[in-house]
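S.K.: mmCIF, N, CA and C atoms, saved as final.cif, coming up:
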```cif
data_target
#
loop_
_atom_site.label_atom_id
_atom_site.label_comp_id
_atom_site.auth_asym_id
_atom_site.auth_seq_id
_atom_site.Cartn_x
_atom_site.Cartn_y
_atom_site.Cartn_z
N MET E 1 -20.92 48.17 -79.03
CA MET E 1 -22.10 47.39 -79.28
C MET E 1 -21.97 46.00 -78.65
N TYR E 2 -20.82 45.38 -78.79
CA TYR E 2 -20.60 44.07 -78.20
C TYR E 2 -19.91 44.22 -76.85
N GLU E 3 -20.06 43.20 -76.00
CA GLU E 3 -19.41 43.24 -74.70
C GLU E 3 -17.91 43.02 -74.87
N LYS E 4 -17.16 43.60 -73.97
CA LYS E 4 -15.70 43.48 -73.98
C LYS E 4 -15.29 42.11 -73.45
N HIS E 5 -14.04 41.75 -73.68
CA HIS E 5 -13.56 40.42 -73.28
C HIS E 5 -13.59 40.22 -71.77
N TYR E 6 -13.52 41.29 -71.01
CA TYR E 6 -13.52 41.16 -69.55
C TYR E 6 -14.94 41.25 -68.97
N GLU E 7 -15.93 41.55 -69.78
CA GLU E 7 -17.32 41.62 -69.32
C GLU E 7 -17.95 40.23 -69.39
N PRO E 8 -18.98 40.00 -68.57
CA PRO E 8 -19.63 38.67 -68.60
C PRO E 8 -20.38 38.45 -69.91
N LEU E 9 -20.65 37.21 -70.18
CA LEU E 9 -21.37 36.81 -71.38
C LEU E 9 -22.78 37.41 -71.36
N LEU E 10 -23.25 37.85 -72.49
CA LEU E 10 -24.58 38.43 -72.61
C LEU E 10 -25.64 37.38 -72.28
N PRO E 11 -26.66 37.73 -71.51
CA PRO E 11 -27.74 36.76 -71.22
C PRO E 11 -28.43 36.29 -72.51
N ARG E 12 -28.99 35.12 -72.44
CA ARG E 12 -29.59 34.49 -73.62
C ARG E 12 -30.66 35.36 -74.29
N THR E 13 -31.54 35.98 -73.52
CA THR E 13 -32.61 36.80 -74.12
C THR E 13 -32.03 38.01 -74.85
N GLN E 14 -31.03 38.65 -74.27
CA GLN E 14 -30.40 39.79 -74.95
C GLN E 14 -29.63 39.33 -76.18
N PHE E 15 -29.05 38.13 -76.12
CA PHE E 15 -28.35 37.58 -77.28
C PHE E 15 -29.33 37.31 -78.42
N ILE E 16 -30.50 36.78 -78.11
CA ILE E 16 -31.51 36.53 -79.14
C ILE E 16 -31.98 37.85 -79.75
N ILE E 17 -32.14 38.88 -78.92
CA ILE E 17 -32.52 40.20 -79.43
C ILE E 17 -31.42 40.73 -80.35
N ARG E 18 -30.16 40.51 -79.99
CA ARG E 18 -29.04 40.94 -80.84
C ARG E 18 -29.08 40.22 -82.19
N ILE E 19 -29.32 38.91 -82.15
CA ILE E 19 -29.40 38.14 -83.39
C ILE E 19 -30.55 38.66 -84.26
N LEU E 20 -31.71 38.92 -83.65
CA LEU E 20 -32.85 39.42 -84.41
C LEU E 20 -32.58 40.79 -85.01
N SER E 21 -31.88 41.65 -84.27
CA SER E 21 -31.57 42.98 -84.82
C SER E 21 -30.61 42.87 -86.00
N HIS E 22 -29.64 41.96 -85.92
CA HIS E 22 -28.73 41.75 -87.04
C HIS E 22 -29.48 41.14 -88.23
N LEU E 23 -30.39 40.23 -87.95
CA LEU E 23 -31.18 39.61 -89.01
C LEU E 23 -32.05 40.65 -89.71
N LEU E 24 -32.68 41.52 -88.93
CA LEU E 24 -33.50 42.58 -89.52
C LEU E 24 -32.66 43.56 -90.34
N THR E 25 -31.47 43.87 -89.86
CA THR E 25 -30.57 44.73 -90.62
C THR E 25 -30.21 44.08 -91.96
N GLY E 26 -29.86 42.80 -91.90
CA GLY E 26 -29.54 42.07 -93.12
C GLY E 26 -30.70 42.01 -94.09
N LEU E 27 -31.90 41.76 -93.56
CA LEU E 27 -33.09 41.71 -94.42
C LEU E 27 -33.40 43.08 -95.02
N GLY E 28 -33.16 44.15 -94.26
CA GLY E 28 -33.36 45.50 -94.78
C GLY E 28 -32.42 45.79 -95.93
N ILE E 29 -31.15 45.44 -95.77
CA ILE E 29 -30.18 45.64 -96.85
C ILE E 29 -30.56 44.79 -98.06
N LEU E 30 -31.02 43.57 -97.82
CA LEU E 30 -31.46 42.69 -98.90
C LEU E 30 -32.65 43.29 -99.65
N ALA E 31 -33.61 43.85 -98.92
CA ALA E 31 -34.78 44.45 -99.56
C ALA E 31 -34.39 45.66 -100.40
N ILE E 32 -33.48 46.49 -99.90
CA ILE E 32 -33.02 47.64 -100.67
C ILE E 32 -32.29 47.19 -101.92
N SER E 33 -31.45 46.18 -101.78
CA SER E 33 -30.71 45.65 -102.93
C SER E 33 -31.65 45.05 -103.97
N LEU E 34 -32.65 44.34 -103.51
CA LEU E 34 -33.64 43.77 -104.42
C LEU E 34 -34.41 44.87 -105.13
N GLY E 35 -34.75 45.92 -104.39
CA GLY E 35 -35.44 47.06 -105.00
C GLY E 35 -34.62 47.72 -106.09
N ILE E 36 -33.31 47.86 -105.87
CA ILE E 36 -32.43 48.43 -106.88
C ILE E 36 -32.47 47.57 -108.14
N GLY E 37 -32.41 46.26 -107.97
CA GLY E 37 -32.45 45.35 -109.11
C GLY E 37 -33.77 45.40 -109.86
N VAL E 38 -34.86 45.44 -109.13
CA VAL E 38 -36.18 45.50 -109.77
C VAL E 38 -36.32 46.79 -110.58
N LEU E 39 -35.93 47.90 -109.97
CA LEU E 39 -36.02 49.18 -110.69
C LEU E 39 -35.11 49.20 -111.91
N GLY E 40 -33.91 48.62 -111.78
CA GLY E 40 -32.98 48.59 -112.90
C GLY E 40 -33.49 47.75 -114.06
N TYR E 41 -33.97 46.57 -113.78
CA TYR E 41 -34.50 45.72 -114.85
C TYR E 41 -35.75 46.32 -115.48
N HIS E 42 -36.58 46.92 -114.65
CA HIS E 42 -37.79 47.54 -115.18
C HIS E 42 -37.45 48.76 -116.03
N GLY E 43 -36.47 49.55 -115.58
CA GLY E 43 -36.12 50.76 -116.31
C GLY E 43 -35.29 50.51 -117.55
N PHE E 44 -34.30 49.64 -117.46
CA PHE E 44 -33.39 49.42 -118.59
C PHE E 44 -33.93 48.43 -119.61
N GLU E 45 -34.57 47.37 -119.15
CA GLU E 45 -35.04 46.32 -120.05
C GLU E 45 -36.54 46.38 -120.32
N HIS E 46 -37.24 47.27 -119.63
CA HIS E 46 -38.69 47.43 -119.78
C HIS E 46 -39.43 46.11 -119.55
N LEU E 47 -38.94 45.35 -118.57
CA LEU E 47 -39.61 44.12 -118.19
C LEU E 47 -40.79 44.46 -117.27
N SER E 48 -41.75 43.56 -117.19
CA SER E 48 -42.85 43.77 -116.25
C SER E 48 -42.28 43.76 -114.83
N TRP E 49 -43.08 44.25 -113.89
CA TRP E 49 -42.60 44.29 -112.51
C TRP E 49 -42.30 42.89 -111.99
N LEU E 50 -43.12 41.92 -112.36
CA LEU E 50 -42.91 40.55 -111.90
C LEU E 50 -41.65 39.95 -112.51
N ASP E 51 -41.44 40.16 -113.81
CA ASP E 51 -40.22 39.66 -114.45
C ASP E 51 -38.98 40.37 -113.90
N SER E 52 -39.12 41.65 -113.61
CA SER E 52 -38.01 42.40 -113.02
C SER E 52 -37.66 41.83 -111.64
N LEU E 53 -38.68 41.52 -110.85
CA LEU E 53 -38.47 40.92 -109.54
C LEU E 53 -37.80 39.55 -109.67
N LEU E 54 -38.26 38.76 -110.62
CA LEU E 54 -37.68 37.43 -110.83
C LEU E 54 -36.21 37.53 -111.21
N ASN E 55 -35.88 38.40 -112.17
CA ASN E 55 -34.48 38.54 -112.58
C ASN E 55 -33.60 39.07 -111.46
N ALA E 56 -34.09 40.08 -110.75
CA ALA E 56 -33.31 40.64 -109.66
C ALA E 56 -33.10 39.61 -108.55
N SER E 57 -34.13 38.84 -108.25
CA SER E 57 -34.02 37.80 -107.21
C SER E 57 -33.02 36.73 -107.62
N MET E 58 -33.07 36.33 -108.87
CA MET E 58 -32.17 35.29 -109.34
C MET E 58 -30.72 35.77 -109.33
N ILE E 59 -30.48 37.00 -109.75
CA ILE E 59 -29.11 37.53 -109.73
C ILE E 59 -28.65 37.68 -108.28
N LEU E 60 -29.49 38.25 -107.43
CA LEU E 60 -29.12 38.46 -106.03
C LEU E 60 -28.86 37.14 -105.32
N GLY E 61 -29.58 36.11 -105.70
CA GLY E 61 -29.38 34.79 -105.12
C GLY E 61 -28.23 34.00 -105.73
N GLY E 62 -27.62 34.54 -106.78
CA GLY E 62 -26.47 33.90 -107.40
C GLY E 62 -26.80 32.92 -108.50
N MET E 63 -28.05 32.90 -108.96
CA MET E 63 -28.46 31.93 -109.97
C MET E 63 -28.27 32.44 -111.40
N GLY E 64 -28.35 33.72 -111.63
CA GLY E 64 -28.24 34.28 -112.98
C GLY E 64 -29.58 34.76 -113.50
N PRO E 65 -29.56 35.55 -114.56
CA PRO E 65 -30.80 36.12 -115.08
C PRO E 65 -31.67 35.06 -115.77
N VAL E 66 -32.96 35.36 -115.83
CA VAL E 66 -33.92 34.47 -116.48
C VAL E 66 -34.18 34.93 -117.90
N ASN E 67 -34.49 36.21 -118.07
CA ASN E 67 -34.80 36.76 -119.39
C ASN E 67 -33.51 37.13 -120.13
N THR E 68 -33.55 37.01 -121.46
CA THR E 68 -32.44 37.44 -122.28
C THR E 68 -32.43 38.96 -122.33
N LEU E 69 -31.27 39.55 -122.12
CA LEU E 69 -31.16 41.00 -122.11
C LEU E 69 -31.03 41.51 -123.53
N GLN E 70 -31.78 42.57 -123.85
CA GLN E 70 -31.84 43.08 -125.22
C GLN E 70 -31.03 44.37 -125.41
N SER E 71 -31.09 45.27 -124.46
CA SER E 71 -30.46 46.58 -124.64
C SER E 71 -29.05 46.60 -124.05
N ASP E 72 -28.23 47.50 -124.59
CA ASP E 72 -26.89 47.66 -124.04
C ASP E 72 -26.94 48.17 -122.60
N GLY E 73 -27.87 49.09 -122.33
CA GLY E 73 -28.02 49.60 -120.97
C GLY E 73 -28.39 48.50 -119.99
N GLY E 74 -29.26 47.61 -120.42
CA GLY E 74 -29.65 46.49 -119.58
C GLY E 74 -28.49 45.54 -119.31
N LYS E 75 -27.66 45.35 -120.31
CA LYS E 75 -26.49 44.48 -120.14
C LYS E 75 -25.48 45.12 -119.19
N TRP E 76 -25.28 46.43 -119.33
CA TRP E 76 -24.38 47.14 -118.39
C TRP E 76 -24.92 47.05 -116.97
N PHE E 77 -26.22 47.31 -116.84
CA PHE E 77 -26.83 47.25 -115.51
C PHE E 77 -26.68 45.86 -114.92
N ALA E 78 -27.00 44.82 -115.70
CA ALA E 78 -26.93 43.46 -115.19
C ALA E 78 -25.50 43.09 -114.77
N SER E 79 -24.52 43.57 -115.51
CA SER E 79 -23.12 43.29 -115.16
C SER E 79 -22.76 43.88 -113.81
N PHE E 80 -23.08 45.16 -113.63
CA PHE E 80 -22.75 45.80 -112.36
C PHE E 80 -23.61 45.30 -111.21
N TYR E 81 -24.87 44.99 -111.52
CA TYR E 81 -25.75 44.47 -110.47
C TYR E 81 -25.29 43.09 -110.00
N ALA E 82 -24.77 42.28 -110.91
CA ALA E 82 -24.27 40.96 -110.53
C ALA E 82 -23.05 41.10 -109.60
N LEU E 83 -22.14 42.01 -109.92
CA LEU E 83 -20.97 42.24 -109.05
C LEU E 83 -21.41 42.79 -107.70
N PHE E 84 -22.33 43.75 -107.74
CA PHE E 84 -22.88 44.34 -106.51
C PHE E 84 -23.54 43.26 -105.65
N SER E 85 -24.31 42.38 -106.30
CA SER E 85 -25.03 41.34 -105.58
C SER E 85 -24.11 40.36 -104.88
N GLY E 86 -23.00 40.03 -105.54
CA GLY E 86 -22.03 39.13 -104.92
C GLY E 86 -21.45 39.72 -103.65
N MET E 87 -21.13 41.00 -103.69
CA MET E 87 -20.57 41.66 -102.51
C MET E 87 -21.64 41.82 -101.41
N ILE E 88 -22.85 42.16 -101.80
CA ILE E 88 -23.93 42.32 -100.84
C ILE E 88 -24.24 40.99 -100.13
N PHE E 89 -24.21 39.92 -100.89
CA PHE E 89 -24.47 38.60 -100.30
C PHE E 89 -23.46 38.30 -99.20
N LEU E 90 -22.18 38.55 -99.49
CA LEU E 90 -21.15 38.31 -98.49
C LEU E 90 -21.31 39.24 -97.28
N GLY E 91 -21.64 40.49 -97.54
CA GLY E 91 -21.83 41.45 -96.45
C GLY E 91 -22.99 41.09 -95.55
N ILE E 92 -24.10 40.71 -96.14
CA ILE E 92 -25.28 40.33 -95.35
C ILE E 92 -24.99 39.08 -94.53
N PHE E 93 -24.28 38.13 -95.12
CA PHE E 93 -23.91 36.93 -94.37
C PHE E 93 -23.06 37.30 -93.16
N GLY E 94 -22.12 38.21 -93.36
CA GLY E 94 -21.27 38.66 -92.26
C GLY E 94 -22.05 39.35 -91.17
N ILE E 95 -23.00 40.18 -91.55
CA ILE E 95 -23.83 40.89 -90.57
C ILE E 95 -24.66 39.91 -89.75
N ILE E 96 -25.23 38.91 -90.40
CA ILE E 96 -26.10 37.97 -89.71
C ILE E 96 -25.32 37.02 -88.81
N ILE E 97 -24.15 36.59 -89.25
CA ILE E 97 -23.39 35.59 -88.48
C ILE E 97 -22.50 36.22 -87.40
N ALA E 98 -22.28 37.53 -87.46
CA ALA E 98 -21.37 38.21 -86.52
C ALA E 98 -21.69 37.96 -85.05
N PRO E 99 -22.96 38.07 -84.61
CA PRO E 99 -23.22 37.83 -83.17
C PRO E 99 -22.87 36.41 -82.72
N VAL E 100 -23.11 35.44 -83.58
CA VAL E 100 -22.83 34.04 -83.22
C VAL E 100 -21.32 33.84 -83.10
N ILE E 101 -20.57 34.35 -84.08
CA ILE E 101 -19.11 34.21 -84.04
C ILE E 101 -18.54 34.94 -82.82
N HIS E 102 -19.06 36.14 -82.54
CA HIS E 102 -18.58 36.89 -81.38
C HIS E 102 -18.85 36.12 -80.09
N ARG E 103 -20.03 35.53 -79.99
CA ARG E 103 -20.36 34.79 -78.77
C ARG E 103 -19.44 33.58 -78.60
N LEU E 104 -19.18 32.88 -79.69
CA LEU E 104 -18.27 31.73 -79.61
C LEU E 104 -16.87 32.16 -79.19
N LEU E 105 -16.37 33.24 -79.77
CA LEU E 105 -15.05 33.74 -79.40
C LEU E 105 -15.04 34.22 -77.95
N HIS E 106 -16.13 34.86 -77.55
CA HIS E 106 -16.23 35.34 -76.17
C HIS E 106 -16.24 34.16 -75.19
N LEU E 107 -16.96 33.11 -75.56
CA LEU E 107 -16.98 31.91 -74.71
C LEU E 107 -15.59 31.31 -74.57
N MET E 108 -14.85 31.25 -75.67
CA MET E 108 -13.50 30.69 -75.60
C MET E 108 -12.60 31.57 -74.74
N HIS E 109 -12.77 32.87 -74.82
CA HIS E 109 -11.93 33.76 -74.03
C HIS E 109 -12.31 33.71 -72.56
N LEU E 110 -13.59 33.53 -72.28
CA LEU E 110 -14.01 33.40 -70.88
C LEU E 110 -13.37 32.19 -70.23
N ASP E 111 -13.24 31.10 -70.97
CA ASP E 111 -12.60 29.90 -70.43
C ASP E 111 -11.15 30.19 -70.07
N GLU E 112 -10.46 30.98 -70.90
CA GLU E 112 -9.06 31.30 -70.63
C GLU E 112 -8.93 32.18 -69.38
N THR E 113 -9.83 33.16 -69.22
CA THR E 113 -9.69 34.07 -68.09
C THR E 113 -10.09 33.41 -66.78
N GLU E 114 -11.01 32.44 -66.82
CA GLU E 114 -11.40 31.76 -65.59
C GLU E 114 -10.29 30.87 -65.06
N ASP E 115 -9.44 30.34 -65.95
CA ASP E 115 -8.35 29.48 -65.52
C ASP E 115 -7.24 30.25 -64.81
N LYS E 116 -7.10 31.53 -65.11
CA LYS E 116 -5.99 32.31 -64.57
C LYS E 116 -6.22 32.78 -63.17
#
```
Mind turning this structure into structure tokens?
M.R.:
Amino acid sequence: MYEKHYEPLLPRTQFIIRILSHLLTGLGILAISLGIGVLGYHGFEHLSWLDSLLNASMILGGMGPVNTLQSDGGKWFASFYALFSGMIFLGIFGIIIAPVIHRLLHLMHLDETEDK
């Protein structure tokens, strides 16, 4: 998927397309994760769709739940969803930042090979 260290640097337009594809992938994973949270809060806690969206968004964003959880199932779900959300946040950040980091590393390596 990425160019090798001996290949030339990707042109700017193709690099922007790569960044956009990674961004769309990250947003897709985020939307699926948010959907899981909304369905979980709606199913376990019987919250309205809007309240379920609010709670799932807050947990996924790292802020914490808004509504007090009443059922044991809801508390179990919220516990696992919070752990899941923390890992998903890190993963999405990695997916989005990967092309930029690769380009920077590739640029540094190109400087080394041109000197030799």
S.K.: Taking only C-alpha atoms into account, name the residue in E:Pro65, E:Gly74, E:Gly94, E:Pro8 that is nearest to E:Tyr41.
M.R.: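 The closest residue to E:Tyr41 is E:Gly74.
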S.K.: To one decimal place, how far is atom C of E:Leu9 from atom CA of E:Met108 in Å?
M.R.: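 Those two atoms sit 12.2 Å apart.
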S.K.: Would you kindly translate the PyMOL selection byres (((chain E and resi 36 and name CA) around 12) and name CA) into the concrete residues it picks from this file, as a list in words?
M.R.: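 That expression, the PyMOL selection byres (((chain E and resi 36 and name CA) around 12) and name CA), corresponds here to Ile29, Leu30, Ala31, Ile32, Ser33, Leu34, Gly35, Gly37, Val38, Leu39, Gly40, Tyr41, His42, Gly43, Phe44, Ser52, Leu53, Asn55, Ala56, Ser57, Ile59, Leu60, Phe77, Ala78, Phe80, Tyr81, Ala82, Phe84 and Ser85 of chain E.
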S.K.: Could you give me the centre and size, in Å to one decimal, of an axis-aligned box around all listed atoms of stretch 44-50 of chain E with 5 Å added on every side, as AutoDock Vina command-line options?
M.R.:
```
--center_x -38.3 --center_y 44.8 --center_z -116.1 --size_x 19.7 --size_y 19.7 --size_z 18.4
```
S.K.: DSSP on the backbone, helix (DSSP H, G or I) only: what residues of chain E does that give? Format it as a PyMOL selection string.
M.R.: chain E and resi 12-45+49-60+72-115
